[in-house]
>>> print(open('model21.txt').read())   # compact mmCIF, C-alpha atoms and all ligand atoms
# COMPACT_ATOMS: atom_id res chain seq x y z
CA MET A 1 -166.59 239.39 45.95
CA ASN A 2 -168.85 236.78 47.53
CA LYS A 3 -171.45 235.23 45.32
CA SER A 4 -175.06 235.59 46.50
CA ARG A 5 -176.78 232.58 48.01
CA LYS A 6 -179.66 231.17 45.95
CA MET A 7 -183.04 231.76 47.57
CA THR A 8 -186.25 230.02 46.69
CA PRO A 9 -188.94 232.59 46.03
CA LEU A 10 -190.79 233.95 48.99
CA PHE A 11 -193.24 234.07 50.74
CA SER A 12 -195.48 233.02 53.50
CA SER A 13 -198.68 234.99 53.40
CA ASN A 14 -199.02 235.33 57.15
CA ARG A 15 -198.17 239.04 57.20
CA LYS A 16 -195.85 238.43 60.15
CA VAL A 17 -193.43 241.22 60.99
CA VAL A 18 -190.56 240.68 63.43
CA ILE A 19 -189.03 243.83 64.91
CA VAL A 20 -185.56 243.40 66.40
CA GLY A 21 -184.84 246.11 68.96
CA ALA A 22 -187.74 247.25 71.18
CA GLY A 23 -186.30 250.68 72.01
CA ALA A 24 -187.66 254.07 70.96
CA VAL A 25 -187.74 253.31 67.23
CA GLY A 26 -188.79 249.63 67.42
CA ALA A 27 -191.65 250.25 69.87
CA THR A 28 -192.96 253.33 68.05
CA PHE A 29 -192.89 251.46 64.76
CA ALA A 30 -194.76 248.54 66.39
CA TYR A 31 -197.41 250.96 67.65
CA ALA A 32 -197.84 252.63 64.24
CA LEU A 33 -197.92 249.26 62.47
CA ALA A 34 -200.57 247.91 64.85
CA GLN A 35 -202.75 250.93 64.07
CA ASP A 36 -202.15 250.60 60.34
CA GLY A 37 -203.65 247.11 60.08
CA ALA A 38 -201.24 245.82 57.41
CA ALA A 39 -199.64 243.18 59.68
CA GLU A 40 -201.37 240.13 61.13
CA THR A 41 -198.66 239.34 63.67
CA ILE A 42 -196.05 241.61 65.25
CA CYS A 43 -193.18 240.10 67.26
CA LEU A 44 -190.75 242.21 69.25
CA ILE A 45 -187.29 240.85 70.04
CA ASP A 46 -184.80 242.60 72.32
CA ASN A 47 -181.80 241.48 74.34
CA ASN A 48 -183.41 243.31 77.18
CA HIS A 49 -186.29 240.89 77.82
CA ASN A 50 -187.90 243.10 80.46
CA LEU A 51 -188.05 245.99 78.00
CA ALA A 52 -189.56 243.75 75.29
CA ASP A 53 -192.12 242.33 77.77
CA GLY A 54 -193.03 245.82 78.95
CA GLN A 55 -193.48 247.13 75.40
CA VAL A 56 -195.53 244.08 74.38
CA SER A 57 -197.85 244.41 77.41
CA ASP A 58 -198.35 248.12 76.87
CA LEU A 59 -198.99 247.67 73.13
CA SER A 60 -201.33 244.71 73.74
CA HIS A 61 -203.54 246.69 76.09
CA GLY A 62 -204.55 248.73 73.04
CA LEU A 63 -205.76 245.60 71.17
CA PRO A 64 -209.48 246.42 71.53
CA TYR A 65 -208.86 249.57 69.48
CA TYR A 66 -206.45 248.43 66.72
CA PRO A 67 -207.45 246.54 63.60
CA THR A 68 -207.09 242.81 64.46
CA VAL A 69 -203.45 241.96 65.14
CA SER A 70 -201.46 239.70 67.45
CA ILE A 71 -198.52 241.20 69.37
CA SER A 72 -195.99 239.12 71.29
CA ARG A 73 -192.40 238.95 72.49
CA GLY A 74 -190.46 236.84 70.04
CA ASP A 75 -187.19 234.98 69.83
CA ALA A 76 -184.93 233.77 67.03
CA SER A 77 -187.38 230.95 66.10
CA ASP A 78 -189.81 233.67 64.94
CA TYR A 79 -187.57 234.50 62.00
CA ALA A 80 -188.51 231.20 60.33
CA ASP A 81 -191.98 232.22 59.11
CA ALA A 82 -191.64 236.01 59.18
CA GLN A 83 -192.50 237.87 56.00
CA VAL A 84 -190.57 240.97 57.03
CA ILE A 85 -187.83 241.45 59.64
CA VAL A 86 -187.06 245.03 60.64
CA ILE A 87 -183.79 245.55 62.52
CA THR A 88 -183.72 248.57 64.83
CA ALA A 89 -181.30 247.00 67.33
CA GLY A 90 -178.37 249.19 68.10
CA SER A 91 -176.03 250.34 70.71
CA ALA A 92 -175.54 253.93 71.81
CA GLN A 93 -172.05 255.46 71.91
CA LYS A 94 -170.28 254.67 75.20
CA PRO A 95 -168.23 257.38 76.97
CA GLY A 96 -164.80 257.59 75.34
CA GLU A 97 -165.84 255.37 72.43
CA THR A 98 -164.89 256.55 68.93
CA ARG A 99 -167.35 256.54 66.02
CA LEU A 100 -165.36 253.72 64.46
CA GLN A 101 -165.50 251.59 67.63
CA LEU A 102 -169.27 252.18 67.75
CA LEU A 103 -169.56 251.27 64.07
CA LYS A 104 -167.66 248.01 64.67
CA ARG A 105 -169.87 247.15 67.65
CA ASN A 106 -173.07 247.82 65.70
CA ALA A 107 -171.74 245.85 62.71
CA SER A 108 -171.15 242.83 64.94
CA ILE A 109 -174.70 243.17 66.37
CA ILE A 110 -176.09 243.10 62.81
CA GLU A 111 -173.91 240.10 61.89
CA SER A 112 -175.08 238.11 64.91
CA ILE A 113 -178.74 238.91 64.16
CA MET A 114 -178.19 237.88 60.51
CA ASP A 115 -176.65 234.59 61.76
CA ASP A 116 -179.85 233.89 63.73
CA ILE A 117 -182.01 234.80 60.71
CA ILE A 118 -180.00 232.48 58.45
CA GLY A 119 -180.00 229.78 61.16
CA ALA A 120 -183.81 229.88 61.23
CA GLN A 121 -183.84 229.37 57.43
CA SER A 122 -185.86 232.53 57.10
CA ARG A 123 -186.86 233.82 53.68
CA ALA A 124 -188.11 237.14 54.95
CA VAL A 125 -187.34 240.52 53.46
CA VAL A 126 -184.95 242.20 55.90
CA VAL A 127 -185.10 245.97 56.44
CA ILE A 128 -182.17 247.54 58.28
CA VAL A 129 -182.87 250.69 60.27
CA SER A 130 -179.97 250.76 62.77
CA ASN A 131 -177.39 253.44 62.05
CA PRO A 132 -175.24 254.02 60.14
CA VAL A 133 -177.96 252.40 58.06
CA ASP A 134 -176.20 252.36 54.67
CA VAL A 135 -173.03 250.75 56.03
CA LEU A 136 -174.94 248.25 58.17
CA THR A 137 -177.12 247.25 55.20
CA LYS A 138 -173.96 246.41 53.27
CA VAL A 139 -172.60 244.51 56.29
CA ALA A 140 -175.82 242.45 56.47
CA LEU A 141 -175.69 241.72 52.74
CA ASP A 142 -172.03 240.70 52.68
CA HIS A 143 -172.35 238.60 55.82
CA SER A 144 -175.47 236.74 54.67
CA ARG A 145 -174.65 236.60 50.95
CA TRP A 146 -178.40 236.96 50.35
CA PRO A 147 -179.59 238.51 47.08
CA ARG A 148 -179.58 242.30 47.20
CA SER A 149 -183.34 242.39 46.62
CA HIS A 150 -183.96 240.85 50.06
CA ILE A 151 -181.95 243.14 52.31
CA PHE A 152 -182.20 246.89 52.12
CA GLY A 153 -182.09 249.86 54.45
CA SER A 154 -184.72 252.41 55.40
CA GLY A 155 -182.27 254.86 53.86
CA THR A 156 -183.59 258.34 53.18
CA VAL A 157 -187.31 257.51 53.29
CA LEU A 158 -187.44 259.56 56.50
CA ASP A 159 -185.24 262.35 55.09
CA SER A 160 -187.42 262.55 51.96
CA ALA A 161 -190.51 262.93 54.20
CA ARG A 162 -188.77 265.75 56.07
CA PHE A 163 -187.81 267.36 52.75
CA ARG A 164 -191.43 267.26 51.55
CA TYR A 165 -192.58 268.68 54.88
CA PHE A 166 -190.19 271.66 54.82
CA ILE A 167 -190.98 272.43 51.15
CA SER A 168 -194.71 272.28 51.87
CA GLN A 169 -194.29 274.68 54.80
CA GLU A 170 -192.39 277.14 52.61
CA MET A 171 -194.89 276.90 49.73
CA GLY A 172 -198.08 276.72 51.80
CA VAL A 173 -199.11 273.58 49.89
CA ASP A 174 -200.39 270.23 51.23
CA VAL A 175 -197.35 268.03 51.91
CA LYS A 176 -199.04 265.21 49.98
CA SER A 177 -198.89 267.37 46.83
CA VAL A 178 -195.13 267.82 47.17
CA HIS A 179 -193.01 265.14 45.50
CA ALA A 180 -189.35 265.25 46.42
CA TYR A 181 -186.42 262.97 47.23
CA ILE A 182 -183.31 263.09 49.33
CA LEU A 183 -180.74 260.70 47.83
CA GLY A 184 -177.41 259.16 48.86
CA GLU A 185 -176.27 258.50 52.41
CA HIS A 186 -178.72 258.74 55.30
CA GLY A 187 -176.36 261.23 56.87
CA ASP A 188 -174.17 264.23 56.24
CA SER A 189 -173.33 263.54 52.57
CA GLU A 190 -176.97 263.17 51.47
CA LEU A 191 -178.26 265.40 48.66
CA PRO A 192 -181.54 267.02 47.64
CA ALA A 193 -182.70 265.95 44.17
CA TRP A 194 -184.12 269.36 43.25
CA SER A 195 -184.34 268.39 39.57
CA LEU A 196 -186.94 265.70 40.46
CA THR A 197 -188.90 267.93 42.85
CA ASN A 198 -192.38 269.02 41.87
CA VAL A 199 -195.51 270.52 43.38
CA GLY A 200 -198.53 268.77 41.93
CA GLY A 201 -196.56 267.89 38.81
CA VAL A 202 -195.17 271.44 38.31
CA SER A 203 -191.37 271.46 38.55
CA ILE A 204 -190.07 273.37 41.55
CA ARG A 205 -188.16 275.71 39.21
CA GLN A 206 -191.36 276.58 37.34
CA TYR A 207 -193.38 276.82 40.57
CA VAL A 208 -190.89 279.21 42.15
CA ALA A 209 -190.68 281.37 39.00
CA SER A 210 -194.44 281.63 38.56
CA ASN A 211 -194.99 282.53 42.22
CA GLY A 212 -192.53 285.43 42.34
CA MET A 213 -190.05 283.54 44.51
CA ALA A 214 -187.16 283.28 42.06
CA ASP A 215 -184.93 285.87 43.78
CA SER A 216 -185.24 284.47 47.28
CA TRP A 217 -185.18 280.82 46.21
CA PRO A 218 -181.41 280.16 46.34
CA GLU A 219 -181.33 281.15 50.01
CA LYS A 220 -184.65 279.47 50.84
CA SER A 221 -183.75 276.22 49.12
CA ASN A 222 -180.46 276.08 51.07
CA LYS A 223 -182.35 276.64 54.30
CA ILE A 224 -184.79 273.86 53.47
CA PHE A 225 -182.01 271.36 52.82
CA GLU A 226 -180.08 272.42 55.94
CA ALA A 227 -183.28 271.92 57.98
CA VAL A 228 -183.61 268.39 56.58
CA LYS A 229 -179.97 267.52 57.28
CA ASN A 230 -180.03 268.88 60.80
CA SER A 231 -183.45 267.58 61.84
CA ALA A 232 -182.18 264.49 63.63
CA TYR A 233 -179.50 266.46 65.51
CA HIS A 234 -182.06 269.00 66.75
CA ILE A 235 -184.66 266.41 67.75
CA ILE A 236 -182.07 264.28 69.56
CA ASP A 237 -180.89 267.42 71.42
CA TYR A 238 -184.46 268.16 72.48
CA LYS A 239 -185.77 264.69 73.35
CA GLY A 240 -182.97 262.14 73.13
CA ALA A 241 -184.17 260.15 70.10
CA THR A 242 -186.19 260.43 66.90
CA ASN A 243 -189.04 257.94 66.81
CA PHE A 244 -192.42 259.12 65.46
CA ALA A 245 -191.62 260.06 61.86
CA VAL A 246 -189.22 257.14 61.43
CA GLY A 247 -191.91 254.81 62.83
CA GLN A 248 -194.32 256.11 60.21
CA ALA A 249 -191.71 255.83 57.44
CA LEU A 250 -191.16 252.18 58.43
CA VAL A 251 -194.91 251.49 58.21
CA HIS A 252 -194.82 252.95 54.69
CA ILE A 253 -191.98 250.59 53.71
CA VAL A 254 -193.37 247.47 55.41
CA ARG A 255 -196.88 248.03 54.08
CA ALA A 256 -195.44 248.11 50.55
CA ILE A 257 -193.88 244.67 51.17
CA LEU A 258 -196.92 243.11 52.86
CA ARG A 259 -199.36 244.51 50.33
CA ASP A 260 -197.03 244.02 47.34
CA SER A 261 -197.78 247.57 46.30
CA HIS A 262 -194.75 248.31 44.09
CA SER A 263 -194.36 251.72 45.70
CA VAL A 264 -191.44 253.98 44.81
CA MET A 265 -189.33 255.08 47.75
CA THR A 266 -185.76 256.08 48.48
CA VAL A 267 -184.50 253.02 50.33
CA SER A 268 -180.83 252.13 50.75
CA PHE A 269 -180.06 249.53 48.11
CA GLN A 270 -176.81 247.97 46.95
CA LEU A 271 -176.07 249.43 43.55
CA LYS A 272 -174.45 247.37 40.82
CA GLY A 273 -173.60 249.92 38.17
CA GLU A 274 -176.78 252.00 38.39
CA TYR A 275 -175.84 255.70 38.41
CA GLY A 276 -172.26 254.51 37.73
CA ILE A 277 -171.97 253.29 41.35
CA ASN A 278 -170.91 249.81 42.45
CA ASP A 279 -170.93 247.79 45.65
CA VAL A 280 -172.20 250.38 48.03
CA CYS A 281 -175.65 250.73 49.60
CA LEU A 282 -177.25 254.14 49.36
CA SER A 283 -180.63 255.65 48.64
CA VAL A 284 -182.05 256.09 45.18
CA PRO A 285 -185.71 255.68 44.13
CA CYS A 286 -186.55 251.94 44.17
CA ILE A 287 -189.72 249.91 43.67
CA VAL A 288 -190.69 248.08 46.86
CA SER A 289 -192.91 245.00 46.69
CA LYS A 290 -193.33 241.61 48.39
CA GLU A 291 -190.03 240.53 46.87
CA GLY A 292 -188.18 243.40 48.46
CA ILE A 293 -186.60 245.60 45.83
CA GLY A 294 -187.76 244.74 42.34
CA LYS A 295 -186.22 247.61 40.45
CA VAL A 296 -184.07 250.72 40.74
CA LEU A 297 -185.39 253.78 38.95
CA VAL A 298 -182.59 255.49 37.11
CA ALA A 299 -183.64 259.13 37.33
CA ASP A 300 -182.51 261.91 35.02
CA LEU A 301 -180.36 263.73 37.60
CA ASN A 302 -178.34 266.77 36.57
CA GLN A 303 -174.53 266.67 36.66
CA LYS A 304 -174.27 268.47 40.01
CA GLU A 305 -176.61 265.90 41.59
CA LEU A 306 -174.78 262.98 39.98
CA ASP A 307 -171.47 264.32 41.32
CA ALA A 308 -173.00 264.69 44.80
CA LEU A 309 -174.37 261.12 44.62
CA ASN A 310 -170.93 259.83 43.66
CA HIS A 311 -169.37 261.83 46.49
CA SER A 312 -171.86 260.24 48.93
CA ALA A 313 -170.92 256.79 47.57
CA SER A 314 -167.23 257.48 48.16
CA VAL A 315 -167.90 258.66 51.75
CA LEU A 316 -169.76 255.41 52.39
CA LYS A 317 -167.02 253.33 50.77
CA GLN A 318 -164.49 254.91 53.13
CA SER A 319 -166.65 253.96 56.14
CA LEU A 320 -166.89 250.40 54.86
CA GLU A 321 -163.13 250.23 54.34
CA SER A 322 -162.53 251.53 57.87
CA LEU A 323 -164.48 248.52 59.18
CA SER A 324 -161.93 246.08 57.80
CA ILE A 325 -158.89 247.83 59.35
N1 LIG B 401 -182.50 254.90 59.66
C1 LIG B 401 -183.22 255.85 60.25
O1 LIG B 401 -183.90 256.64 59.58
C2 LIG B 401 -183.17 255.94 61.76
C3 LIG B 401 -183.93 256.89 62.44
C4 LIG B 401 -183.87 256.90 63.84
C5 LIG B 401 -183.05 256.00 64.51
N2 LIG B 401 -182.31 255.11 63.80
C6 LIG B 401 -181.42 254.14 64.44
O2 LIG B 401 -182.21 253.08 64.97
C7 LIG B 401 -181.50 252.46 66.02
C8 LIG B 401 -182.39 252.33 67.25
O3 LIG B 401 -182.66 253.61 67.80
P1 LIG B 401 -183.46 253.72 69.18
O4 LIG B 401 -183.63 255.16 69.45
O5 LIG B 401 -184.65 252.82 69.13
O6 LIG B 401 -182.38 253.12 70.19
P2 LIG B 401 -182.68 252.41 71.58
O7 LIG B 401 -181.40 252.39 72.32
O8 LIG B 401 -183.90 253.03 72.22
O9 LIG B 401 -183.10 250.91 71.18
C9 LIG B 401 -182.18 249.98 70.68
C10 LIG B 401 -182.56 248.63 71.28
O10 LIG B 401 -181.76 247.62 70.63
C11 LIG B 401 -181.59 246.61 71.61
N3 LIG B 401 -180.50 245.72 71.20
C12 LIG B 401 -179.17 245.97 71.19
N4 LIG B 401 -178.50 244.88 70.71
C13 LIG B 401 -179.43 243.95 70.41
C14 LIG B 401 -179.39 242.65 69.87
N5 LIG B 401 -178.22 242.06 69.55
N6 LIG B 401 -180.53 241.97 69.71
C15 LIG B 401 -181.72 242.53 70.05
N7 LIG B 401 -181.83 243.78 70.56
C16 LIG B 401 -180.71 244.46 70.74
C17 LIG B 401 -181.31 247.37 72.90
O11 LIG B 401 -181.54 246.57 74.05
C18 LIG B 401 -182.30 248.54 72.78
O12 LIG B 401 -183.52 248.28 73.44
C19 LIG B 401 -180.24 253.32 66.25
O13 LIG B 401 -179.15 252.75 65.57
C20 LIG B 401 -180.64 254.65 65.63
O14 LIG B 401 -179.50 255.41 65.24
C21 LIG B 401 -182.36 255.05 62.45
>>> encode(input="model21.txt", output="structure tokens")
Amino acid sequence: MNKSRKMTPLFSSNRKVVIVGAGAVGATFAYALAQDGAAETICLIDNNHNLADGQVSDLSHGLPYYPTVSISRGDASDYADAQVIVITAGSAQKPGETRLQLLKRNASIIESIMDDIIGAQSRAVVVIVSNPVDVLTKVALDHSRWPRSHIFGSGTVLDSARFRYFISQEMGVDVKSVHAYILGEHGDSELPAWSLTNVGGVSIRQYVASNGMADSWPEKSNKIFEAVKNSAYHIIDYKGATNFAVGQALVHIVRAILRDSHSVMTVSFQLKGEYGINDVCLSVPCIVSKEGIGKVLVADLNQKELDALNHSASVLKQSLESLSI
């Protein structure tokens, strides 16, 4: 295994965020971030310069109504003083292309972006969003040999938001009072951490029992998880891409870095023995701050959940191995 490069501690305090990929996700995130006010400077980079220019113009025409922010088209030199770099660059599947061929193409896009980031001597925290996010986060880490704290994936932050939403709809409770995590792969092998789920501090098991829902709960809970897992497929069928909720999830992550808030979220992080898992990036609750990931929370999962997390890790390991064939 490659040894990590040494990195002098971060950070510039310019609250500059570079977004690589100005497509549906990158542009929506830029819009949500501009409205949030956490960033001072937002740079959009895309191979398609016309698209980046168009997005920057459109976003900039809203400047009178955002909190003060500067928005521009960037290039690789912008990595040098960025505090956060968010990579949403990706390539869609071409006709006749296999999943593996697509994976290899997206991995080489991530490697070339990481080369530019390293070339600019950047010390930013890098957040990978492009899919398959867990595999590409590992690719970025291995290629750069940066410390694992500095490169992580958006993971299941979006899936956990969907999970909270569907639970809140079922319970008729404000989504903000529902605390729940989806763990593992951002994809088919992800798992619901029901044992950590609570409504206003009351465990879901207790909540269901005391509200006369115990009999219908096994079926309802399955439906909730299926809805989470299939959300992206349905939305992509309807409108071609998912962009709003992921844009908001990215603001949540980036704000935690810029504001050093030490927020707990399920980002995709390279585990080194936590939960008995090694050398794979997947989502578990982590503390996000200006230094990237400061800590992994080792939650008291039940055996079924631990087995499902390990299964997710082995699915991801297989994908990683397929890359080197
Ligand atoms: N992790 C998540 O929760 C999540 C959610 C939604 C989408 N995604 C992923 O985010 C990625 C982007 O989705 P989208 O809908 O915005 O796609 P999109 O096709 O609209 O945008 C991708 C952009 O990346 C650009 N690009 C490609 N290679 C580049 C490079 N080397 N440098 C700079 N720009 C480059 C393209 O020109 C394009 O504009 C996809 O991989 C998608 O699967 C992840």
>>> atom_distance(input="model21.txt", atom1="atom C12 of ligand LIG 401 (chain B)", atom2="CA of Ser289 (chain A)")
28.1 Å
>>> closest_atom_pairs(input="model21.txt", of="chain A", to="ligand LIG 401 (chain B)", cutoff="7 Å", atoms="only C-alpha atoms and all ligand atoms", output="Markdown table")
| residue | atom | partner | partner_atom | distance |
| --- | --- | --- | --- | --- |
| A:Val20 | CA | B:LIG401 | C15 | 5.4 |
| A:Gly21 | CA | B:LIG401 | O10 | 3.8 |
| A:Ala22 | CA | B:LIG401 | O12 | 4.9 |
| A:Gly23 | CA | B:LIG401 | O9 | 3.3 |
| A:Ala24 | CA | B:LIG401 | O5 | 3.7 |
| A:Val25 | CA | B:LIG401 | O5 | 3.7 |
| A:Gly26 | CA | B:LIG401 | O5 | 5.5 |
| A:Ile45 | CA | B:LIG401 | C15 | 5.8 |
| A:Asp46 | CA | B:LIG401 | N7 | 3.6 |
| A:Asn47 | CA | B:LIG401 | C15 | 4.4 |
| A:Asn48 | CA | B:LIG401 | O11 | 4.9 |
| A:Leu51 | CA | B:LIG401 | O12 | 6.8 |
| A:Thr88 | CA | B:LIG401 | C7 | 4.6 |
| A:Ala89 | CA | B:LIG401 | O10 | 3.4 |
| A:Gly90 | CA | B:LIG401 | O13 | 4.4 |
| A:Ser91 | CA | B:LIG401 | C12 | 5.4 |
| A:Ala92 | CA | B:LIG401 | O7 | 6.1 |
| A:Ile109 | CA | B:LIG401 | N5 | 4.9 |
| A:Ser112 | CA | B:LIG401 | N5 | 6.9 |
| A:Ile113 | CA | B:LIG401 | N5 | 6.3 |
| A:Val129 | CA | B:LIG401 | N1 | 4.3 |
| A:Ser130 | CA | B:LIG401 | O13 | 3.5 |
| A:Asn131 | CA | B:LIG401 | O13 | 4.0 |
| A:Pro132 | CA | B:LIG401 | O14 | 6.8 |
| A:Val133 | CA | B:LIG401 | N1 | 5.4 |
| A:Ser154 | CA | B:LIG401 | N1 | 5.4 |
| A:Gly155 | CA | B:LIG401 | N1 | 5.8 |
| A:Thr156 | CA | B:LIG401 | O1 | 6.6 |
| A:Leu158 | CA | B:LIG401 | O1 | 5.5 |
| A:His186 | CA | B:LIG401 | N1 | 6.9 |
| A:Ala241 | CA | B:LIG401 | O4 | 5.1 |
| A:Thr242 | CA | B:LIG401 | C4 | 5.2 |
| A:Asn243 | CA | B:LIG401 | C4 | 6.1 |
| A:Val246 | CA | B:LIG401 | C3 | 5.4 |
>>> atom_distance(input="model21.txt", atom1="CA of Ala107 (chain A)", atom2="CA of Val264 (chain A)")
27.8 Å
>>> closest_atom_pairs(input="model21.txt", of="region 169-234 of chain A", to="region 270-278 of chain A", cutoff="12 Å", atoms="all atoms listed in the file", output="JSON lines")
{"residue": "A:Leu183", "atom": "CA", "partner": "A:Tyr275", "partner_atom": "CA", "distance": 11.7}
{"residue": "A:Gly184", "atom": "CA", "partner": "A:Ile277", "partner_atom": "CA", "distance": 11.0}
{"residue": "A:Glu185", "atom": "CA", "partner": "A:Gln270", "partner_atom": "CA", "distance": 11.9}
>>> closest_residue(input="model21.txt", among="A:Met114, A:Val127, A:Ala299, A:Ala232", to="Ala193 (chain A)", atoms="only C-alpha atoms")
A:Ala299
>>> atom_distance(input="model21.txt", atom1="CA of Gln206 (chain A)", atom2="CA of Val157 (chain A)")
25.2 Å
